[in-house]
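Q: Take a look at this one; I'll ask things after.
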Amino acid sequence: MLKKLIKHEFKATAKTMGLLFGAVLLLSVLTSISLKLPEGNKFFDTIKAVLIAVYVVVMFGMMFAGILLLIFRFYNNMLKDQGYLTHTLPVKMWQHIVAKMLTYFVWIVSAVVVAAVSLGIFLMGTGVVDFSQIGEAISQFGAALEEYPEFINMSIWILVLGILQIFANILCMFASMSMGQLFGKHRVAGSVASYIGLNYIVGILTSFITYFPMSSLENQMNAVDEWNSVQPAIKFLHGITNSVFPVSFVVDLVLIALYFGITHFMLTRKLNLE
């Protein structure tokens, strides 16, 4: 049943996200081509300005579309009139939550990938990026990783923590909207207040938890007399990898479990459909 829920969620959101992805890529191509037009011509300059403006607007729209879609879909499906049908399905609540969480995780990551590809196409028109040198750049990057393997560990940590942060933020929004139903007729305001409150409390707690490993790293930085070589920087990055990142990893896992638990509890024990 979980697979069916995920499939349904993708079908319900694919048209919107697909159109946005296509629009961004198409505009990046058109804008890149327009930047190669001769300068000094008012007509060409106007085309360039309009395409760049539209491209920037659509790019930002795409980046926020996944989040807005997440909010509206979850609110409408789980907490409004559609919830009467949703909650009568022979599906466990955790499956609903997981299906929506995984779907929007994919869309957010896809939006980041599309944005990166689009930006690369756009930069081709500016001449800033010479894609004929990509192979050489990749080989140099590989040589740097072989010489300083610490960067590999750090990159893996950053990737893992980035993934966990996306899941945590998605579930935080779920939890906030689920808590918002407790505010009666002011559900939207209650959801916003819950989101701000959760992030404020979590921010204080995480700052306190990471204070000691961060202060230890600051002492290491102050102990370094000169930063004119690679080794002090490598040592500092190694310290981050061994002290701060594991703590952040545990904190993110706890937050994911906490937000999931709040959402599940509110939707199973305190559900009050609008």
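Residue names in the structure tokens use chain letters A, B, ... in the order shown, residue numbers from 1 in each chain, and ligand numbers from 1 in the order shown.
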Excluding same-chain residues fewer than 5 positions from A:Ser248, what lies within 12 Å of it counting only C-alpha atoms, as a PyMOL selection string?
A: chain A and resi 157-158+160-162+164-165+205-211+213-214+240-243+253-255
Q: So which bits of stretch 81-210 of chain A end up alpha helix (DSSP H) when you DSSP the backbone, as a PyMOL selection string?
A: chain A and resi 83-86+93-126+134-147+150-180+187-209
Q: Which residues come within 12 Å of stretch 77-90 of chain A, counting only C-alpha atoms, excluding same-chain residues fewer than 5 positions away, as a CSV table (one decimal) with N, CA, C and O atoms, in the first residue's frame?
A:
```csv
chain,number,residue,atom,x,y,z
A,1,MET,N,0.8,-1.2,0.0
A,1,MET,CA,0.0,0.0,0.0
A,1,MET,C,0.9,1.3,0.0
A,1,MET,O,0.5,2.3,-0.6
A,2,LEU,N,2.0,1.2,0.6
A,2,LEU,CA,2.9,2.4,0.7
A,2,LEU,C,3.3,2.8,-0.7
A,2,LEU,O,3.4,3.9,-1.1
A,4,LYS,N,1.7,2.3,-3.5
A,4,LYS,CA,0.5,2.9,-4.2
A,4,LYS,C,0.4,4.3,-3.7
A,4,LYS,O,0.0,5.2,-4.5
A,5,LEU,N,0.6,4.6,-2.4
A,5,LEU,CA,0.5,6.0,-1.9
A,5,LEU,C,1.5,6.9,-2.6
A,5,LEU,O,1.2,8.0,-3.0
A,9,GLU,N,0.9,10.0,-5.0
A,9,GLU,CA,1.4,11.4,-4.7
A,9,GLU,C,2.2,11.9,-5.8
A,9,GLU,O,2.1,13.1,-6.1
A,12,ALA,N,-0.1,13.1,-8.6
A,12,ALA,CA,-0.8,14.3,-8.3
A,12,ALA,C,0.1,15.5,-8.4
A,12,ALA,O,-0.5,16.6,-8.5
A,69,LEU,N,4.0,23.3,-2.6
A,69,LEU,CA,3.2,22.1,-3.0
A,69,LEU,C,3.1,21.2,-1.8
A,69,LEU,O,2.0,20.6,-1.5
A,70,LEU,N,4.2,21.0,-1.1
A,70,LEU,CA,4.2,20.2,0.1
A,70,LEU,C,3.2,20.7,1.1
A,70,LEU,O,2.4,19.9,1.7
A,71,ILE,N,3.2,22.0,1.4
A,71,ILE,CA,2.3,22.6,2.4
A,71,ILE,C,0.9,22.4,2.0
A,71,ILE,O,0.0,21.9,2.8
A,72,PHE,N,0.5,22.8,0.7
A,72,PHE,CA,-0.9,22.8,0.3
A,72,PHE,C,-1.4,21.3,0.2
A,72,PHE,O,-2.5,21.0,0.6
A,95,GLN,N,2.2,5.4,7.0
A,95,GLN,CA,2.4,5.2,5.6
A,95,GLN,C,2.0,6.5,4.8
A,95,GLN,O,2.7,6.9,3.9
A,96,HIS,N,1.0,7.2,5.3
A,96,HIS,CA,0.6,8.5,4.7
A,96,HIS,C,1.8,9.4,4.9
A,96,HIS,O,2.2,10.1,3.9
A,97,ILE,N,2.3,9.5,6.1
A,97,ILE,CA,3.4,10.5,6.3
A,97,ILE,C,4.6,10.1,5.5
A,97,ILE,O,5.3,11.0,4.9
A,100,LYS,N,4.3,10.9,1.7
A,100,LYS,CA,4.4,12.4,1.4
A,100,LYS,C,5.8,12.8,1.6
A,100,LYS,O,6.3,13.6,0.8
A,174,PHE,N,5.3,19.3,8.5
A,174,PHE,CA,4.2,18.3,8.8
A,174,PHE,C,3.7,18.5,10.2
A,174,PHE,O,2.5,18.6,10.5
A,175,ALA,N,4.7,18.5,11.1
A,175,ALA,CA,4.4,18.6,12.6
A,175,ALA,C,3.7,19.9,12.9
A,175,ALA,O,2.8,20.0,13.7
A,176,SER,N,4.2,21.0,12.3
A,176,SER,CA,3.7,22.3,12.5
A,176,SER,C,2.2,22.4,12.1
A,176,SER,O,1.4,23.0,12.8
A,177,MET,N,1.9,21.9,10.9
A,177,MET,CA,0.6,22.0,10.4
A,177,MET,C,-0.4,21.1,11.2
A,177,MET,O,-1.5,21.4,11.4
A,178,SER,N,0.2,19.9,11.6
A,178,SER,CA,-0.6,19.0,12.5
A,178,SER,C,-0.9,19.7,13.8
A,178,SER,O,-2.1,19.5,14.4
A,179,MET,N,0.0,20.4,14.4
A,179,MET,CA,-0.2,21.2,15.6
A,179,MET,C,-1.1,22.4,15.4
A,179,MET,O,-1.9,22.8,16.3
A,180,GLY,N,-1.1,22.9,14.2
A,180,GLY,CA,-2.0,24.1,13.9
A,180,GLY,C,-3.4,23.8,14.0
A,180,GLY,O,-4.2,24.8,14.3
A,181,GLN,N,-3.9,22.6,13.9
A,181,GLN,CA,-5.3,22.3,14.0
A,181,GLN,C,-5.8,22.5,15.4
A,181,GLN,O,-7.0,22.5,15.6
A,182,LEU,N,-4.9,22.6,16.4
A,182,LEU,CA,-5.3,22.8,17.8
A,182,LEU,C,-5.8,24.2,18.0
A,182,LEU,O,-6.3,24.5,19.1
A,184,GLY,N,-8.1,25.9,16.5
A,184,GLY,CA,-9.4,26.2,16.1
A,184,GLY,C,-9.6,26.8,14.8
A,184,GLY,O,-9.1,26.3,13.8
A,187,ARG,N,-6.1,28.1,12.2
A,187,ARG,CA,-5.2,27.0,12.0
A,187,ARG,C,-3.9,27.4,11.2
A,187,ARG,O,-2.8,27.0,11.5
A,188,VAL,N,-4.1,28.3,10.2
A,188,VAL,CA,-2.9,28.8,9.5
A,188,VAL,C,-2.0,29.5,10.4
A,188,VAL,O,-0.7,29.3,10.4
A,191,SER,N,-0.3,27.1,12.7
A,191,SER,CA,0.7,26.4,12.0
A,191,SER,C,2.0,27.2,11.9
A,191,SER,O,3.1,26.6,12.1
A,263,THR,N,3.8,14.5,14.4
A,263,THR,CA,2.8,14.4,13.3
A,263,THR,C,1.9,13.2,13.5
A,263,THR,O,0.7,13.3,13.3
A,264,HIS,N,2.5,12.1,13.8
A,264,HIS,CA,1.7,10.8,13.9
A,264,HIS,C,0.7,11.0,15.1
A,264,HIS,O,-0.4,10.6,15.0
A,266,MET,N,-0.5,13.7,16.5
A,266,MET,CA,-1.6,14.7,16.2
A,266,MET,C,-2.6,14.2,15.2
A,266,MET,O,-3.8,14.5,15.4
A,267,LEU,N,-2.2,13.4,14.3
A,267,LEU,CA,-3.1,12.9,13.2
A,267,LEU,C,-3.9,11.7,13.7
A,267,LEU,O,-4.9,11.3,13.0
A,268,THR,N,-3.4,11.0,14.7
A,268,THR,CA,-4.1,9.8,15.1
A,268,THR,C,-4.9,10.0,16.4
A,268,THR,O,-6.0,9.5,16.6
A,270,LYS,N,-5.3,13.5,17.9
A,270,LYS,CA,-5.9,14.9,18.1
A,270,LYS,C,-6.5,15.4,16.8
A,270,LYS,O,-6.6,16.6,16.6
A,271,LEU,N,-6.8,14.5,15.9
A,271,LEU,CA,-7.3,14.9,14.6
A,271,LEU,C,-8.6,15.7,14.7
A,271,LEU,O,-9.6,15.2,15.3
A,272,ASN,N,-8.7,16.9,14.1
A,272,ASN,CA,-9.9,17.7,14.1
A,272,ASN,C,-10.0,18.3,12.7
A,272,ASN,O,-9.5,19.4,12.5
A,273,LEU,N,-10.6,17.6,11.8
A,273,LEU,CA,-10.7,18.1,10.4
A,273,LEU,C,-11.5,19.4,10.3
A,273,LEU,O,-12.5,19.6,11.0
A,274,GLU,N,-11.0,20.2,9.4
A,274,GLU,CA,-11.7,21.5,9.2
A,274,GLU,C,-12.9,21.4,8.3
A,274,GLU,O,-12.9,20.7,7.3
```
Q: Could you list, as number ranges by chain, every residue within 8 Å of stretch 56-65 of chain A, counting only C-alpha atoms and ignoring same-chain residues fewer than 5 positions away?
A: A: 17, 20-21, 23-24, 108, 111-112, 115
Q: Would you save the residues from that selection as a compact mmCIF listing (two decimals), in the first residue's frame, using all heavy atoms?
A:
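again_24.txt written:
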```txt
# COMPACT_ATOMS: atom_id res chain seq x y z
N MET A 17 5.23 20.08 -11.10
CA MET A 17 6.69 20.14 -11.02
C MET A 17 7.33 19.94 -12.38
O MET A 17 8.33 20.58 -12.71
CB MET A 17 7.19 19.07 -10.04
CG MET A 17 6.72 19.27 -8.60
SD MET A 17 7.12 20.88 -7.92
CE MET A 17 8.91 20.84 -7.92
N LEU A 20 7.20 23.18 -14.31
CA LEU A 20 8.18 24.13 -13.78
C LEU A 20 9.60 23.76 -14.21
O LEU A 20 10.38 24.63 -14.62
CB LEU A 20 8.09 24.18 -12.25
CG LEU A 20 6.94 25.02 -11.68
CD1 LEU A 20 6.82 24.79 -10.19
CD2 LEU A 20 7.15 26.50 -11.97
N PHE A 21 9.93 22.47 -14.12
CA PHE A 21 11.27 22.02 -14.54
C PHE A 21 11.49 22.33 -16.03
O PHE A 21 12.54 22.83 -16.42
CB PHE A 21 11.43 20.52 -14.29
CG PHE A 21 11.50 20.14 -12.83
CD1 PHE A 21 11.37 18.82 -12.44
CD2 PHE A 21 11.69 21.10 -11.86
CE1 PHE A 21 11.44 18.46 -11.10
CE2 PHE A 21 11.76 20.76 -10.51
CZ PHE A 21 11.62 19.44 -10.14
N ALA A 23 9.96 24.57 -17.86
CA ALA A 23 10.01 26.02 -18.09
C ALA A 23 11.38 26.58 -17.74
O ALA A 23 11.94 27.41 -18.47
CB ALA A 23 8.93 26.71 -17.26
N VAL A 24 11.94 26.12 -16.63
CA VAL A 24 13.26 26.61 -16.21
C VAL A 24 14.34 26.22 -17.22
O VAL A 24 15.18 27.04 -17.62
CB VAL A 24 13.62 26.06 -14.81
CG1 VAL A 24 15.10 26.31 -14.48
CG2 VAL A 24 12.76 26.73 -13.75
N ILE A 108 12.21 18.08 -4.09
CA ILE A 108 13.15 19.12 -3.64
C ILE A 108 14.54 18.85 -4.19
O ILE A 108 15.23 19.76 -4.69
CB ILE A 108 13.17 19.20 -2.10
CG1 ILE A 108 11.83 19.76 -1.59
CG2 ILE A 108 14.32 20.08 -1.61
CD1 ILE A 108 11.67 19.68 -0.09
N ALA A 111 14.57 19.54 -7.87
CA ALA A 111 14.60 20.98 -8.13
C ALA A 111 16.03 21.52 -8.02
O ALA A 111 16.44 22.37 -8.82
CB ALA A 111 13.68 21.71 -7.16
N VAL A 112 16.78 21.03 -7.05
CA VAL A 112 18.17 21.46 -6.90
C VAL A 112 19.01 21.03 -8.10
O VAL A 112 19.82 21.80 -8.62
CB VAL A 112 18.77 20.89 -5.59
CG1 VAL A 112 20.27 21.19 -5.50
CG2 VAL A 112 18.05 21.48 -4.38
N ALA A 115 18.02 23.08 -11.12
CA ALA A 115 18.56 24.43 -10.97
C ALA A 115 20.04 24.46 -11.33
O ALA A 115 20.51 25.40 -11.99
CB ALA A 115 18.35 24.92 -9.55
```
